[in-house]
Amino acid sequence: MSDEIVNRCECMHKTFAELKELGSLEAAMAAGAGTECEGCTPWLKLSFASGENELALDDPRLKDFE
């Protein structure tokens, strides 16, 4: 696995931990997470599903969230 990590939505300039404070994936996306470029969406979904705030760039679980 890669040493590079994904831990934020660049569109909103917020970490996954900060977005989790909104309470749910749906609330985070309604606030704008993952909606501008959609680049972080798989990691965002995996972050909410797994509870982890930092994910490997090439995490093998991503295929389940694309």
# chains A, B, ... in the order shown; residues from 1 in each chain; ligands from 1
>>> residues_around(residues="Val6 in chain A", least_positions_apart="4", cutoff="8 Å", atoms="only C-alpha atoms", output="PDB file with N, CA and C atoms, in the first residue's frame")
ATOM      1  N   TRP A  43     -13.061   8.004  -0.932  1.00  0.00           N
ATOM      2  CA  TRP A  43     -12.390   8.031   0.378  1.00  0.00           C
ATOM      3  C   TRP A  43     -13.335   8.554   1.455  1.00  0.00           C
ATOM      4  N   GLU A  54      -7.879   8.749   8.208  1.00  0.00           N
ATOM      5  CA  GLU A  54      -6.756   8.802   7.275  1.00  0.00           C
ATOM      6  C   GLU A  54      -6.707   7.479   6.540  1.00  0.00           C
ATOM      7  N   LEU A  55      -6.734   7.563   5.203  1.00  0.00           N
ATOM      8  CA  LEU A  55      -6.789   6.368   4.369  1.00  0.00           C
ATOM      9  C   LEU A  55      -5.663   6.396   3.348  1.00  0.00           C
ATOM     10  N   ALA A  56      -5.134   5.228   3.021  1.00  0.00           N
ATOM     11  CA  ALA A  56      -4.090   5.139   2.004  1.00  0.00           C
ATOM     12  C   ALA A  56      -4.661   5.537   0.648  1.00  0.00           C
ATOM     13  N   LEU A  57      -3.847   6.221  -0.126  1.00  0.00           N
ATOM     14  CA  LEU A  57      -4.253   6.654  -1.454  1.00  0.00           C
ATOM     15  C   LEU A  57      -4.738   5.484  -2.299  1.00  0.00           C
TER      16      LEU A  57
END
>>> select_by_dssp(residues="chain A", states="strand (DSSP E)", output="ChimeraX atom specification")
/A:5-6,8-9,14-15,55-56
>>> write_last_selection(atoms="N, CA and C atoms", output="PDB file, in the first residue's frame")
ATOM      1  N   ILE A   5      -1.461   9.502   2.035  1.00  0.00           N
ATOM      2  CA  ILE A   5      -2.765   9.374   2.674  1.00  0.00           C
ATOM      3  C   ILE A   5      -3.745  10.417   2.136  1.00  0.00           C
ATOM      4  N   VAL A   6      -5.008  10.081   2.253  1.00  0.00           N
ATOM      5  CA  VAL A   6      -6.097  10.999   1.940  1.00  0.00           C
ATOM      6  C   VAL A   6      -6.850  11.185   3.253  1.00  0.00           C
ATOM      7  N   ARG A   8      -8.920  14.377   3.662  1.00  0.00           N
ATOM      8  CA  ARG A   8      -9.726  15.589   3.601  1.00  0.00           C
ATOM      9  C   ARG A   8     -10.449  15.741   2.284  1.00  0.00           C
ATOM     10  N   CYS A   9     -11.446  16.596   2.315  1.00  0.00           N
ATOM     11  CA  CYS A   9     -12.124  17.051   1.108  1.00  0.00           C
ATOM     12  C   CYS A   9     -11.488  18.390   0.751  1.00  0.00           C
ATOM     13  N   LYS A  14     -11.766  20.746   4.449  1.00  0.00           N
ATOM     14  CA  LYS A  14     -12.084  20.156   5.750  1.00  0.00           C
ATOM     15  C   LYS A  14     -11.602  18.708   5.776  1.00  0.00           C
ATOM     16  N   THR A  15     -11.127  18.294   6.946  1.00  0.00           N
ATOM     17  CA  THR A  15     -10.696  16.910   7.101  1.00  0.00           C
ATOM     18  C   THR A  15     -11.921  16.012   7.238  1.00  0.00           C
ATOM     19  N   LEU A  55      -6.734   7.563   5.203  1.00  0.00           N
ATOM     20  CA  LEU A  55      -6.789   6.368   4.369  1.00  0.00           C
ATOM     21  C   LEU A  55      -5.663   6.396   3.348  1.00  0.00           C
ATOM     22  N   ALA A  56      -5.134   5.228   3.021  1.00  0.00           N
ATOM     23  CA  ALA A  56      -4.090   5.139   2.004  1.00  0.00           C
ATOM     24  C   ALA A  56      -4.661   5.537   0.648  1.00  0.00           C
TER      25      ALA A  56
END
>>> select_by_dssp(residues="chain A", states="alpha helix (DSSP H)", output="list in words")
Phe16, Ala17, Glu18, Leu19, Lys20, Leu25, Glu26, Ala27, Ala28, Met29, Ala30, Thr41, Pro42, Trp43, Leu44, Lys45, Leu46, Ser47, Phe48, Ala49 and Ser50 of chain A
>>> residues_around(residues="Leu62 in chain A", least_positions_apart="4", cutoff="9 Å", atoms="only C-alpha atoms", output="PyMOL selection string")
chain A and resi 42-43+45-46+58+66
>>> residues_around(residues="Met12 in chain A", least_positions_apart="3", cutoff="10 Å", atoms="only C-alpha atoms", output="NGL selection string")
:A and (8-9 or 15 or 19 or 31-36)
>>> closest_residue(among="A:Ser24, A:Thr41, A:Asn7, A:Ser2", to="Lys63 in chain A", atoms="only C-alpha atoms")
A:Thr41
>>> atom_distance(atom1="CA of Ser47 in chain A", atom2="CA of Glu10 in chain A")
14.8 Å
>>> closest_residue(among="A:Cys37, A:Gly23, A:Asp3, A:Phe16", to="Glu52 in chain A", atoms="only C-alpha atoms")
A:Phe16
>>> closest_residue(among="A:Leu44, A:Arg61, A:Met1, A:Gly51", to="Ala28 in chain A", atoms="only C-alpha atoms")
A:Leu44
>>> closest_residue(among="A:Asp64, A:Phe48, A:Glu38, A:Glu4", to="Lys20 in chain A", atoms="only C-alpha atoms")
A:Phe48
>>> closest_residue(among="A:Ala17, A:Cys11, A:Leu25, A:Ala30", to="Ala49 in chain A", atoms="only C-alpha atoms")
A:Leu25
